[in-house]
Amino acid sequence: MVTTHSIVKRLGYEYGYLPVLRHSKVHQITTQHENKGTHQDFVQLDPNSSFQFPEIKGPAVISNMWFTIAPFYRKGKLGVLKTLWRALRYKKLDSLSQVFIKIYFDNETSPSVKAPFGDFFGLNFGTYQHHYSKYIGMTCGGYVCTFPMPFKQKCRIEIENTNTKYPVTHFYGAITYTTLPQWDNNLGYFHARYRKERTKEGLPYTVIQATGKGHYIGCNLSIVNASRFKQLINRFYLEGDGNVYVDGEETPSLSYTGTEDYFMGGWYYIKGKFWTPTHGMTSKGFTYKIIRKAKTCQYRFHFPDAINFQKSIKFTINHGEKNQVPTINQSVAYWYQTEPHNDFFDLHEEIV
Amino acid sequence: MPYYLKELGPDYGNVPILRDPGIVKQVTTQEVRDGRHWDFVQIPGGEAWSFPEIEGPACISTIWITMSPFRAKSWKNLWATGNFILDFIEYQRMTSLREVWIKIYFDGESSPSVYAPIGNFFGVGFAEYRHYHSQFLAMTSGGYVCTFPMPFLKSCRIVIENTNPKKFLNNFYGAVTYNLLEDVEEDVGYFHARYRRERHTKKGIPYTILQATGQGHYVGVNLSMKANKRRQSLLNLFFLEGDCNIYIDDDKTPALSYTGTEDYFQSAWYYVKGEYSAPTHGCTIRSSFANIFWGKCRVSTYRFHFPDVISFQRNIKVAINHGEFNEADADYQSVAYWYQREPHDDFFDKTEGGTP
């Protein structure tokens, strides 16, 4: 939309447009419901079952999603102690890696968004780490996503508990969306898909491989050193370069000098954990941790320098300069594209 | 839209574009008094001082202020001086943050569009100072910053009011930066920020953060809560169970309904990870769980609906429960931030705590 407001001309679009009055209406769907006559804020996720939010009719755009989730409920004193121990000693919430969030836009059968709860919000190891960025964050236990997600016809949001034994007793959520007066064909659909792989020697790890028209806006990636040998410097996997191949080209048009360099850090993340609006590293072991396996979890958003593609995109990242360090990689890629998306993530979701 | 802006996005791409020959101007507290240059002004008890009137069409882009505590009763009185220093250094508390109010009148209106204690207006309750920053408000190393754009057509008067008749405000510094505009179009809203407080929340009746009529959009709130009843348990925080409901345009059922107070502020589990400040939401004060257990229980938190503002065409009501069923007895104070077409209604002029 082209505006001629003089305040926008002077102060810029994002800031100057704030006082301009709007006409659309904001709606919300939540987990609140009536249970046996009493008002309940949360829902329970039973083992091996899923909860669906009410379907949203389009054209609309989801502007804000907020969730929070309890750990798995284990019966008995021992079970409670185990959950507490994991929470206090390792700062881990086991439900974060086994509860999945799935979003289906329009009539598609393969979800546009599918990732474990923690991975989607940048906590790949299921660690309970407070952080925030421009689009995703975990602030004081609230999981926030502010990626705009426009869609034409309808949107179905599903939360699936894949654990076969334990339920999650408390799951809260609130999704805010704005209805649009008409659909614009220039808009891409939001995608976020998860992958996990035990990397093979000589072959790079693929974060995203997509076909269509769109732009790649970032990823979060975690790497665990899976070598059988104790190494003096066990973060050699961070030497791996990131390469972006746009529209089927053979030499990458964007090539980064190392893994932590792609994530805008340096020197194997010499200063430890940090989070900024566009990039960060949310968990890391001790610097000289020789006995334990090294691991890092990092994110980056290409904002505002999104990487556009007209036909296809492939983003690979090496594990070690020559792909020689055995690692377990796990990532969520975020991008916008025209539907339909390809089946790369359905076929290569988890290779361990 | 030019190709350049379209490819880089209107916000980022806008930065290098040379602006129209406009004028950025400023009004400050600098004055020449008794032949000498002074950076600050002094405001005696019960009096008000106002910045030079700004003529429109213009848009205020930054307000920066800072101020001292009230003058201590007597520097010779050891007890009073000790208290004063302890308050200031140990608790970062300045009563002047509660008792000096900021007032902004646009276009010669009689009821102010902005009227709040300085501390609450800049995002932290209980007259405390906290180092934090967000998208629009900040308290950074002693400076109080507000970057909400405030456009107006004719005139703007900013008044600083010392509401305590007995205390003397020694130093008040301020600088208001504004851009002259060619015009303020008809569909540009006026900025509003109004304070209200209920010392004892009413049983069964939710606390109203905002009630307004007209066309506009709600952009955020900062809410400070304190438990009045002291029990020796973590149940002191139960007022956080209260759901937040937003009624737009005479809704019978709320259009937006959140599952709890800290849930509305994008956190969870009673702010389990403590104080933080993100650009659009944060928690600037939360008593430690040990303090909460012994009954000293306070939370100050903020949220901005940005960029997803909540628009209304006729009226809006933002209400928050204190406790799941409005049963908790607590002290609530809030500042709501919104844009709307003038005139605004008189809800805040008549409500409890809306005026000093």
# chains A, B, ... in the order shown; residues from 1 in each chain; ligands from 1
>>> residues_around(residues="Tyr13 in chain A", least_positions_apart="2", cutoff="10 Å", atoms="only C-alpha atoms", output="list in words")
Thr3, His5, Ile7, Val8, Lys9, Arg10, Leu11, Tyr15, Gly16, Tyr17 and Leu18 of chain A; Gly9, Pro10, Asp11, Tyr12, Gly13, Asn14 and Val15 of chain B
>>> closest_atom_pairs(of="chain A", to="chain B", cutoff="7 Å", atoms="only C-alpha atoms", output="JSON lines")
{"residue": "A:Val2", "atom": "CA", "partner": "B:Met1", "partner_atom": "CA", "distance": 6.0}
{"residue": "A:His5", "atom": "CA", "partner": "B:Glu185", "partner_atom": "CA", "distance": 6.5}
{"residue": "A:Ser6", "atom": "CA", "partner": "B:Glu182", "partner_atom": "CA", "distance": 6.2}
{"residue": "A:Ile7", "atom": "CA", "partner": "B:Leu181", "partner_atom": "CA", "distance": 6.6}
{"residue": "A:Arg10", "atom": "CA", "partner": "B:Arg19", "partner_atom": "CA", "distance": 6.3}
{"residue": "A:Gly12", "atom": "CA", "partner": "B:Asn14", "partner_atom": "CA", "distance": 6.0}
{"residue": "A:Tyr13", "atom": "CA", "partner": "B:Asp11", "partner_atom": "CA", "distance": 5.5}
{"residue": "A:Glu14", "atom": "CA", "partner": "B:Asp11", "partner_atom": "CA", "distance": 5.6}
{"residue": "A:Gly16", "atom": "CA", "partner": "B:Pro149", "partner_atom": "CA", "distance": 6.8}
{"residue": "A:Pro19", "atom": "CA", "partner": "B:Gly189", "partner_atom": "CA", "distance": 5.1}
{"residue": "A:Val20", "atom": "CA", "partner": "B:Val188", "partner_atom": "CA", "distance": 4.2}
{"residue": "A:Leu21", "atom": "CA", "partner": "B:Gly216", "partner_atom": "CA", "distance": 5.6}
{"residue": "A:Arg22", "atom": "CA", "partner": "B:Ser311", "partner_atom": "CA", "distance": 6.1}
{"residue": "A:His23", "atom": "CA", "partner": "B:Ser311", "partner_atom": "CA", "distance": 6.8}
{"residue": "A:Ser24", "atom": "CA", "partner": "B:Ser311", "partner_atom": "CA", "distance": 6.8}
{"residue": "A:Lys25", "atom": "CA", "partner": "B:Ser311", "partner_atom": "CA", "distance": 6.3}
{"residue": "A:Val26", "atom": "CA", "partner": "B:Ile310", "partner_atom": "CA", "distance": 6.0}
{"residue": "A:His27", "atom": "CA", "partner": "B:Ala255", "partner_atom": "CA", "distance": 5.7}
{"residue": "A:Gln28", "atom": "CA", "partner": "B:Leu256", "partner_atom": "CA", "distance": 5.1}
{"residue": "A:Gln32", "atom": "CA", "partner": "B:Thr259", "partner_atom": "CA", "distance": 6.6}
{"residue": "A:Asp41", "atom": "CA", "partner": "B:Thr259", "partner_atom": "CA", "distance": 5.3}
{"residue": "A:Ser63", "atom": "CA", "partner": "B:Asp308", "partner_atom": "CA", "distance": 6.2}
{"residue": "A:Trp66", "atom": "CA", "partner": "B:Gln266", "partner_atom": "CA", "distance": 6.4}
{"residue": "A:Thr68", "atom": "CA", "partner": "B:Ala268", "partner_atom": "CA", "distance": 6.5}
{"residue": "A:Tyr132", "atom": "CA", "partner": "B:Ala278", "partner_atom": "CA", "distance": 6.7}
{"residue": "A:Thr139", "atom": "CA", "partner": "B:Ser267", "partner_atom": "CA", "distance": 5.5}
{"residue": "A:Cys140", "atom": "CA", "partner": "B:Lys273", "partner_atom": "CA", "distance": 4.6}
{"residue": "A:Gly141", "atom": "CA", "partner": "B:Ala268", "partner_atom": "CA", "distance": 4.6}
{"residue": "A:Gly142", "atom": "CA", "partner": "B:Ser267", "partner_atom": "CA", "distance": 3.9}
{"residue": "A:Val144", "atom": "CA", "partner": "B:Gln266", "partner_atom": "CA", "distance": 6.7}
{"residue": "A:Ala174", "atom": "CA", "partner": "B:Tyr258", "partner_atom": "CA", "distance": 6.5}
{"residue": "A:Pro304", "atom": "CA", "partner": "B:Tyr12", "partner_atom": "CA", "distance": 6.7}
>>> residues_around(residues="Gly266 in chain A", least_positions_apart="3", cutoff="12 Å", atoms="only C-alpha atoms", output="PyMOL selection string")
chain A and resi 238-239+256-263+269-272+280-281
>>> select_by_dssp(residues="range 110-267 of chain B", states="helix (DSSP H, G or I)", output="PyMOL selection string")
chain B and resi 118-121+234-241+261-264
>>> residues_around(residues="Phe121 in chain B", least_positions_apart="5", cutoff="8 Å", atoms="only C-alpha atoms", output="PyMOL selection string")
chain B and resi 102+116+193+195+335
>>> write_last_selection(atoms="C-alpha atoms", output="PDB file, in the first residue's frame")
ATOM      1  CA  ILE B 102       3.477  14.664  32.939  1.00  0.00           C
ATOM      2  CA  ALA B 116       0.422  10.102  34.256  1.00  0.00           C
ATOM      3  CA  ALA B 193      -1.584   7.755  27.633  1.00  0.00           C
ATOM      4  CA  TYR B 195      -3.017   6.572  34.241  1.00  0.00           C
ATOM      5  CA  VAL B 335      -0.948   3.444  32.072  1.00  0.00           C
TER       6      VAL B 335
END
>>> select_by_dssp(residues="range 131-305 of chain A", states="strand (DSSP E)", output="PyMOL selection string")
chain A and resi 131-132+136-139+142-145+149-151+154-161+168-179+189-198+205-211+214-225+242-246+254-255+274-275+279-284+295-301
>>> closest_residue(among="A:Leu221, A:Ile317, A:Val80, A:Ile69", to="Tyr205 in chain A", atoms="only C-alpha atoms")
A:Ile317
>>> decode(residues="range 120-133 of chain B", atoms="all heavy atoms", output="short mmCIF file (atom, residue, chain, number, x, y, z; two decimals), in the first residue's frame")
data_model
loop_
_atom_site.label_atom_id
_atom_site.label_comp_id
_atom_site.auth_asym_id
_atom_site.auth_seq_id
_atom_site.Cartn_x
_atom_site.Cartn_y
_atom_site.Cartn_z
N ASN B 120 5.39 5.95 36.07
CA ASN B 120 4.49 5.05 35.38
C ASN B 120 4.46 5.30 33.89
O ASN B 120 4.40 4.37 33.09
CB ASN B 120 3.08 5.19 35.94
CG ASN B 120 2.97 4.66 37.34
OD1 ASN B 120 3.48 5.27 38.28
ND2 ASN B 120 2.37 3.52 37.50
N PHE B 121 4.52 6.57 33.49
CA PHE B 121 4.49 6.88 32.06
C PHE B 121 5.68 6.25 31.34
O PHE B 121 5.54 5.73 30.25
CB PHE B 121 4.50 8.40 31.85
CG PHE B 121 4.49 8.78 30.40
CD1 PHE B 121 3.36 8.63 29.64
CD2 PHE B 121 5.64 9.26 29.79
CE1 PHE B 121 3.36 8.96 28.29
CE2 PHE B 121 5.64 9.59 28.45
CZ PHE B 121 4.50 9.45 27.70
N PHE B 122 6.84 6.27 31.99
CA PHE B 122 8.02 5.71 31.35
C PHE B 122 8.19 4.23 31.64
O PHE B 122 9.27 3.68 31.46
CB PHE B 122 9.27 6.50 31.72
CG PHE B 122 9.30 7.84 31.06
CD1 PHE B 122 8.86 8.96 31.72
CD2 PHE B 122 9.73 7.96 29.75
CE1 PHE B 122 8.85 10.20 31.09
CE2 PHE B 122 9.73 9.19 29.12
CZ PHE B 122 9.29 10.31 29.79
N GLY B 123 7.15 3.59 32.14
CA GLY B 123 7.10 2.12 32.10
C GLY B 123 7.35 1.36 33.37
O GLY B 123 7.22 0.15 33.36
N VAL B 124 7.70 2.00 34.48
CA VAL B 124 7.96 1.25 35.70
C VAL B 124 7.12 1.83 36.83
O VAL B 124 7.11 3.05 37.02
CB VAL B 124 9.45 1.27 36.08
CG1 VAL B 124 9.70 0.44 37.31
CG2 VAL B 124 10.30 0.78 34.93
N GLY B 125 6.43 0.98 37.57
CA GLY B 125 5.57 1.45 38.65
C GLY B 125 6.31 1.58 39.96
O GLY B 125 7.53 1.41 40.03
N PHE B 126 5.56 1.87 41.01
CA PHE B 126 6.05 1.93 42.40
C PHE B 126 7.17 2.96 42.58
O PHE B 126 8.00 2.82 43.47
CB PHE B 126 6.57 0.57 42.88
CG PHE B 126 5.63 -0.55 42.60
CD1 PHE B 126 6.00 -1.58 41.75
CD2 PHE B 126 4.38 -0.57 43.16
CE1 PHE B 126 5.12 -2.61 41.48
CE2 PHE B 126 3.50 -1.59 42.90
CZ PHE B 126 3.87 -2.62 42.05
N ALA B 127 7.21 3.99 41.76
CA ALA B 127 8.20 5.06 41.89
C ALA B 127 9.61 4.53 41.91
O ALA B 127 10.48 5.08 42.55
CB ALA B 127 7.93 5.89 43.14
N GLU B 128 9.86 3.43 41.21
CA GLU B 128 11.20 2.87 41.21
C GLU B 128 11.89 3.14 39.89
O GLU B 128 11.26 3.36 38.87
CB GLU B 128 11.13 1.36 41.45
CG GLU B 128 10.73 1.07 42.87
CD GLU B 128 11.33 -0.22 43.38
OE1 GLU B 128 12.12 -0.83 42.66
OE2 GLU B 128 10.97 -0.59 44.50
N TYR B 129 13.20 3.10 39.95
CA TYR B 129 14.00 3.26 38.76
C TYR B 129 14.57 1.91 38.36
O TYR B 129 15.18 1.22 39.17
CB TYR B 129 15.14 4.26 39.00
CG TYR B 129 16.01 4.31 37.80
CD1 TYR B 129 15.63 5.06 36.71
CD2 TYR B 129 17.13 3.50 37.70
CE1 TYR B 129 16.37 5.03 35.56
CE2 TYR B 129 17.87 3.47 36.54
CZ TYR B 129 17.49 4.24 35.49
OH TYR B 129 18.20 4.19 34.34
N ARG B 130 14.35 1.49 37.14
CA ARG B 130 14.91 0.24 36.64
C ARG B 130 15.58 0.51 35.29
O ARG B 130 14.98 1.15 34.43
CB ARG B 130 13.82 -0.81 36.43
CG ARG B 130 13.39 -1.51 37.67
CD ARG B 130 14.44 -2.47 38.16
NE ARG B 130 13.96 -3.28 39.27
CZ ARG B 130 13.81 -2.86 40.52
NH1 ARG B 130 14.08 -1.62 40.82
NH2 ARG B 130 13.37 -3.66 41.45
N HIS B 131 16.78 0.03 35.12
CA HIS B 131 17.45 0.16 33.83
C HIS B 131 16.83 -0.84 32.87
O HIS B 131 16.95 -2.04 33.06
CB HIS B 131 18.94 -0.12 34.00
CG HIS B 131 19.72 -0.02 32.74
ND1 HIS B 131 20.25 1.16 32.30
CD2 HIS B 131 20.02 -0.94 31.81
CE1 HIS B 131 20.86 0.95 31.16
NE2 HIS B 131 20.74 -0.31 30.83
N TYR B 132 16.13 -0.38 31.86
CA TYR B 132 15.54 -1.28 30.88
C TYR B 132 15.30 -0.48 29.60
O TYR B 132 15.34 0.74 29.61
CB TYR B 132 14.21 -1.87 31.40
CG TYR B 132 13.01 -1.02 31.12
CD1 TYR B 132 12.15 -1.34 30.06
CD2 TYR B 132 12.75 0.12 31.85
CE1 TYR B 132 11.06 -0.54 29.78
CE2 TYR B 132 11.67 0.92 31.57
CZ TYR B 132 10.83 0.58 30.54
OH TYR B 132 9.77 1.38 30.24
N HIS B 133 15.07 -1.19 28.50
CA HIS B 133 14.70 -0.49 27.29
C HIS B 133 13.78 -1.34 26.46
O HIS B 133 13.83 -2.57 26.52
CB HIS B 133 15.92 -0.09 26.47
CG HIS B 133 16.78 -1.25 26.10
ND1 HIS B 133 16.67 -1.88 24.89
CD2 HIS B 133 17.71 -1.92 26.78
CE1 HIS B 133 17.51 -2.89 24.85
NE2 HIS B 133 18.16 -2.93 25.98
#
